[in-house]
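To keep things clear, I will list the structure first and then write my remarks on it.
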Amino acid sequence: MNIDLQTIFKITLSSAALTLAVAQPATAAWSGADNTLELGTSISNPSFNSSNLGFAGNPSLSNDGWGMQGAFTNFYLSSSAQSVTVDARSSAANFPAFSIFRTNVAYSGETVGVDTPAELTGQIHKFNSVGQAGDPGIMWATGADGIVETLGYVSSSSKNYVNSFGGVIDSGAHDVSIDNLYETGVSGTIGVTGNPAFANTKRFATLTLNDLQAGWYAVFVGGADILGSSAGISLNISASAAPSTYTPAAVPVPSAVWLFGTALAGFIGRGKRNAKA
């Protein structure tokens, strides 16, 4: 968990997310067209994306996320879970990577905010795939109908990148959340199953989110290495059978809001006194 000034930025979005967490899920790109994740169950897509450079690693795009090659999907966690694990796998020839975001609604990569005009031509061409909500390069996805907070990312490439927006994309799993409002920790692993020389060998990237709270989440998936080949990336998300017993702390209200409220109350009170006079 990383705490900084972005905590203040997301307060209104956080409140909206908690309010809308009871919304009914819509269909998404999952087997059985069901993106609802319940305790003790999993959802999957055996070939969600096949890009080798959708997430990062394209030198022509300065290592930015490639919106036309990577892909967004979403899922709805019906009950807060002790843990939720997101697993992306491909043949060893590709290097799967993904980010996970808390959202208000079933978000699939639409433009909901404002960003560099050059990036807003139809589907987002390039963006900050690891940026925190409101950061340069991902502001277009930030808003009441989009991303509320970026929780974490994982890249199975051994390479480290810095994209054109200043986003740092390091190898391995990373917790980039800014508070404990939606989870209490993000961890993960990368690796290869078996001998890379065999065709059935898989390269994987996983994230586990502890005490993940009920509501909507989005995932952006793609490859992260120019040396990789465009092999299909499968995605599986599973929830623990045990519910979370964690209760997030109330969202803090900035002092400026309190001052505004106090001033408004004083103004109303004075108006009433003047009316009586």
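Chain lettering (A, B, ...) mirrors the order of the structure tokens, residue numbering begins at 1 for each chain separately, and ligand numbering begins at 1 in order of display.
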
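Residues lying within 7 Å of range 99-101 of chain A, counting only C-alpha atoms and ignoring same-chain neighbours fewer than 2 positions away, are Thr103, Ser129, Val130, Ile147, Glu149, Thr150, Leu151, Gly152, Tyr153, Val154, Tyr217, Ala218, Val219, Phe220 and Val221 of chain A.
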
Legend entry - helix (DSSP H, G or I) per DSSP on the backbone: members of range 68-195 of chain A, as a PyMOL selection string: chain A and resi 117-119+139-141

Inset, instruction - Excluding range 46-58 of chain A and residues on its chain fewer than 2 positions from it, collect all residues at most 7 Å away from it, counting only C-alpha atoms, and give them as a PyMOL selection string. - result: chain A and resi 44+60-67+69-71+94-95+97-98+129+221-226+228-235

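Proximity ranking of A:Asp87, A:Gly166, A:Tyr76, A:Ala173 relative to Asn35 in chain A places A:Tyr76 first, based on only C-alpha atoms.
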
Got a sec: who's within 8 Å of Asn160 in chain A, counting only C-alpha atoms, leaving out chain neighbours fewer than 2 positions off, as a CSV table (one decimal) with C-alpha atoms, in the first residue's frame?
```csv
chain,number,residue,atom,x,y,z
A,157,SER,CA,8.7,-10.3,-18.3
A,158,SER,CA,12.2,-10.0,-16.7
A,162,VAL,CA,9.4,3.4,-17.8
A,168,VAL,CA,7.2,2.5,-13.8
A,169,ILE,CA,6.5,-1.1,-14.9
A,170,ASP,CA,8.9,-3.5,-13.1
A,171,SER,CA,9.1,-7.2,-13.4
```

Inset, instruction - Name all residues at most 8 Å from Asp145 in chain A (count only C-alpha atoms; drop same-chain ones fewer than 4 positions away) and give them as an MDAnalysis selection string. - result: chainID A and resid 103:105 107 112

Output N, CA and C atoms for every residue in the selection just made, as a PDB file, in the first residue's frame.
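So the final result, stored in again05.pdb, reads:
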```pdb
ATOM      1  N   THR A 103     -13.523  -0.268  -9.706  1.00  0.00           N
ATOM      2  CA  THR A 103     -14.380   0.600 -10.509  1.00  0.00           C
ATOM      3  C   THR A 103     -15.739   0.746  -9.834  1.00  0.00           C
ATOM      4  N   ASN A 104     -16.527   1.669 -10.350  1.00  0.00           N
ATOM      5  CA  ASN A 104     -17.887   1.862  -9.850  1.00  0.00           C
ATOM      6  C   ASN A 104     -18.895   0.949 -10.534  1.00  0.00           C
ATOM      7  N   VAL A 105     -18.624   0.648 -11.795  1.00  0.00           N
ATOM      8  CA  VAL A 105     -19.577  -0.067 -12.640  1.00  0.00           C
ATOM      9  C   VAL A 105     -18.825  -1.108 -13.466  1.00  0.00           C
ATOM     10  N   TYR A 107     -16.865  -1.777 -16.025  1.00  0.00           N
ATOM     11  CA  TYR A 107     -16.029  -0.950 -16.888  1.00  0.00           C
ATOM     12  C   TYR A 107     -15.194  -1.809 -17.828  1.00  0.00           C
ATOM     13  N   VAL A 112     -14.061   7.814 -20.145  1.00  0.00           N
ATOM     14  CA  VAL A 112     -15.018   8.436 -19.231  1.00  0.00           C
ATOM     15  C   VAL A 112     -14.472   9.736 -18.644  1.00  0.00           C
TER      16      VAL A 112
END
```

Inset, instruction - Might you pull out every residue within 7 Å of range 203-213 of chain A, with only C-alpha atoms counted and same-chain residues fewer than 3 positions away left off, and present them as a ChimeraX atom specification? - result: /A:80-92,95-97,154-156,173,182-193,244,246

File dump, residues just selected, N, CA and C atoms, as a short mmCIF file (atom, residue, chain, number, x, y, z; two decimals), in the first residue's frame:
```cif
data_model
loop_
_atom_site.label_atom_id
_atom_site.label_comp_id
_atom_site.auth_asym_id
_atom_site.auth_seq_id
_atom_site.Cartn_x
_atom_site.Cartn_y
_atom_site.Cartn_z
N SER A 80 -17.63 -9.85 -0.08
CA SER A 80 -16.22 -9.62 0.27
C SER A 80 -15.55 -10.96 0.60
N ALA A 81 -14.38 -11.19 0.03
CA ALA A 81 -13.69 -12.47 0.14
C ALA A 81 -12.38 -12.33 0.91
N GLN A 82 -12.04 -13.40 1.65
CA GLN A 82 -10.77 -13.40 2.37
C GLN A 82 -9.61 -13.22 1.40
N SER A 83 -9.74 -13.77 0.20
CA SER A 83 -8.73 -13.56 -0.84
C SER A 83 -9.34 -13.83 -2.21
N VAL A 84 -8.81 -13.13 -3.20
CA VAL A 84 -9.17 -13.35 -4.60
C VAL A 84 -7.87 -13.42 -5.39
N THR A 85 -7.73 -14.44 -6.23
CA THR A 85 -6.52 -14.62 -7.03
C THR A 85 -6.85 -14.49 -8.51
N VAL A 86 -6.06 -13.64 -9.17
CA VAL A 86 -6.18 -13.44 -10.62
C VAL A 86 -4.96 -14.08 -11.27
N ASP A 87 -5.17 -14.96 -12.23
CA ASP A 87 -4.10 -15.75 -12.85
C ASP A 87 -4.16 -15.61 -14.36
N ALA A 88 -3.07 -15.14 -14.97
CA ALA A 88 -2.96 -15.05 -16.43
C ALA A 88 -1.88 -16.01 -16.89
N ARG A 89 -2.18 -16.82 -17.91
CA ARG A 89 -1.22 -17.82 -18.41
C ARG A 89 -1.21 -17.85 -19.92
N SER A 90 -0.04 -18.22 -20.45
CA SER A 90 0.11 -18.40 -21.89
C SER A 90 1.17 -19.45 -22.11
N SER A 91 1.45 -19.74 -23.38
CA SER A 91 2.60 -20.58 -23.65
C SER A 91 3.84 -19.84 -23.18
N ALA A 92 4.93 -20.58 -22.97
CA ALA A 92 6.15 -19.96 -22.47
C ALA A 92 6.71 -18.92 -23.43
N PHE A 95 4.61 -13.40 -22.65
CA PHE A 95 4.91 -12.88 -21.32
C PHE A 95 3.69 -12.12 -20.78
N PRO A 96 2.72 -12.84 -20.22
CA PRO A 96 1.48 -12.19 -19.77
C PRO A 96 1.71 -11.19 -18.65
N ALA A 97 0.88 -10.16 -18.66
CA ALA A 97 0.91 -9.12 -17.64
C ALA A 97 -0.49 -8.55 -17.51
N VAL A 154 1.08 -6.96 -12.37
CA VAL A 154 2.11 -7.99 -12.41
C VAL A 154 2.56 -8.17 -13.85
N SER A 155 3.87 -8.32 -14.04
CA SER A 155 4.45 -8.54 -15.36
C SER A 155 5.39 -9.74 -15.29
N SER A 156 5.18 -10.70 -16.19
CA SER A 156 6.03 -11.90 -16.19
C SER A 156 7.31 -11.72 -16.98
N ALA A 173 5.32 -8.86 -9.26
CA ALA A 173 4.02 -8.40 -8.75
C ALA A 173 4.20 -7.17 -7.87
N TYR A 182 -10.27 -1.10 -0.24
CA TYR A 182 -10.81 -2.20 -1.03
C TYR A 182 -10.12 -3.53 -0.78
N GLU A 183 -8.93 -3.52 -0.18
CA GLU A 183 -8.19 -4.74 0.15
C GLU A 183 -7.14 -4.39 1.20
N THR A 184 -6.54 -5.43 1.76
CA THR A 184 -5.52 -5.20 2.79
C THR A 184 -4.12 -5.57 2.34
N GLY A 185 -3.97 -5.92 1.08
CA GLY A 185 -2.66 -6.25 0.57
C GLY A 185 -2.74 -6.94 -0.77
N VAL A 186 -1.75 -6.70 -1.63
CA VAL A 186 -1.68 -7.32 -2.96
C VAL A 186 -0.31 -7.94 -3.12
N SER A 187 -0.27 -9.21 -3.46
CA SER A 187 0.99 -9.91 -3.69
C SER A 187 0.82 -10.84 -4.88
N GLY A 188 1.92 -11.42 -5.35
CA GLY A 188 1.79 -12.30 -6.50
C GLY A 188 3.08 -12.96 -6.89
N THR A 189 3.02 -13.73 -7.96
CA THR A 189 4.18 -14.47 -8.43
C THR A 189 4.20 -14.49 -9.96
N ILE A 190 5.38 -14.73 -10.50
CA ILE A 190 5.53 -14.98 -11.93
C ILE A 190 6.41 -16.21 -12.09
N GLY A 191 6.33 -16.87 -13.22
CA GLY A 191 7.18 -18.03 -13.42
C GLY A 191 6.77 -18.85 -14.62
N VAL A 192 7.37 -20.02 -14.73
CA VAL A 192 7.12 -20.96 -15.82
C VAL A 192 6.87 -22.32 -15.21
N THR A 193 5.84 -22.99 -15.69
CA THR A 193 5.53 -24.34 -15.21
C THR A 193 6.29 -25.34 -16.06
N SER A 244 -14.42 -12.36 3.85
CA SER A 244 -13.55 -11.44 4.56
C SER A 244 -14.25 -10.94 5.82
N TYR A 246 -12.84 -8.33 7.34
CA TYR A 246 -12.25 -6.99 7.43
C TYR A 246 -13.31 -5.93 7.15
#
```

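Neighbouring residues of range 131-141 of chain A at 7 Å or closer, counting only C-alpha atoms and skipping chain neighbours under 4 positions away, are Gly109, Glu110, Thr111, Val112, Gly113, Val114, Asp115, Phe127, Gly146, Ile147, Val148, Glu149, Thr150, Phe165 and Gly167 of chain A.
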
Generate a file of the selected residues that holds C-alpha atoms, formatted as a PDB file, in the first residue's frame.
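Generated file (part.pdb):
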```pdb
ATOM      1  CA  GLY A 109     -12.042   0.477 -21.223  1.00  0.00           C
ATOM      2  CA  GLU A 110     -14.386   3.223 -22.367  1.00  0.00           C
ATOM      3  CA  THR A 111     -13.321   6.879 -22.261  1.00  0.00           C
ATOM      4  CA  VAL A 112     -15.018   8.436 -19.231  1.00  0.00           C
ATOM      5  CA  GLY A 113     -12.573  11.197 -18.279  1.00  0.00           C
ATOM      6  CA  VAL A 114     -10.274  13.717 -19.968  1.00  0.00           C
ATOM      7  CA  ASP A 115      -6.743  13.131 -21.206  1.00  0.00           C
ATOM      8  CA  PHE A 127      -1.933   4.819 -22.233  1.00  0.00           C
ATOM      9  CA  GLY A 146     -14.584   4.267 -14.645  1.00  0.00           C
ATOM     10  CA  ILE A 147     -11.513   3.620 -12.522  1.00  0.00           C
ATOM     11  CA  VAL A 148     -11.593   4.592  -8.852  1.00  0.00           C
ATOM     12  CA  GLU A 149      -8.262   3.123  -7.766  1.00  0.00           C
ATOM     13  CA  THR A 150      -5.476   1.026  -9.283  1.00  0.00           C
ATOM     14  CA  PHE A 165       3.804   9.027 -18.880  1.00  0.00           C
ATOM     15  CA  GLY A 167       4.777   5.045 -15.190  1.00  0.00           C
TER      16      GLY A 167
END
```

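Pairwise distance (CA of Ser108 in chain A, CA of Ala33 in chain A) equals 14.4 Å.
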
Inset, instruction - Extract the full set of strand (DSSP E) residues from range 46-276 of chain A according to DSSP on the backbone, and format it as a ChimeraX atom specification. - result: /A:46-49,65-66,71-77,81-91,96-103,126-127,147-155,161-162,168-169,172-175,185-193,202-212,215-223,233-239

Inset, instruction - Return the single residue from A:Pro59, A:Gly215, A:Gly40, A:Gly143 that is closest to Ile237 in chain A, with distances computed using only C-alpha atoms. - result: A:Gly40

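Taking CA of Pro248 in chain A and CA of Leu181 in chain A as the two end points, the separation is 5.2 Å.
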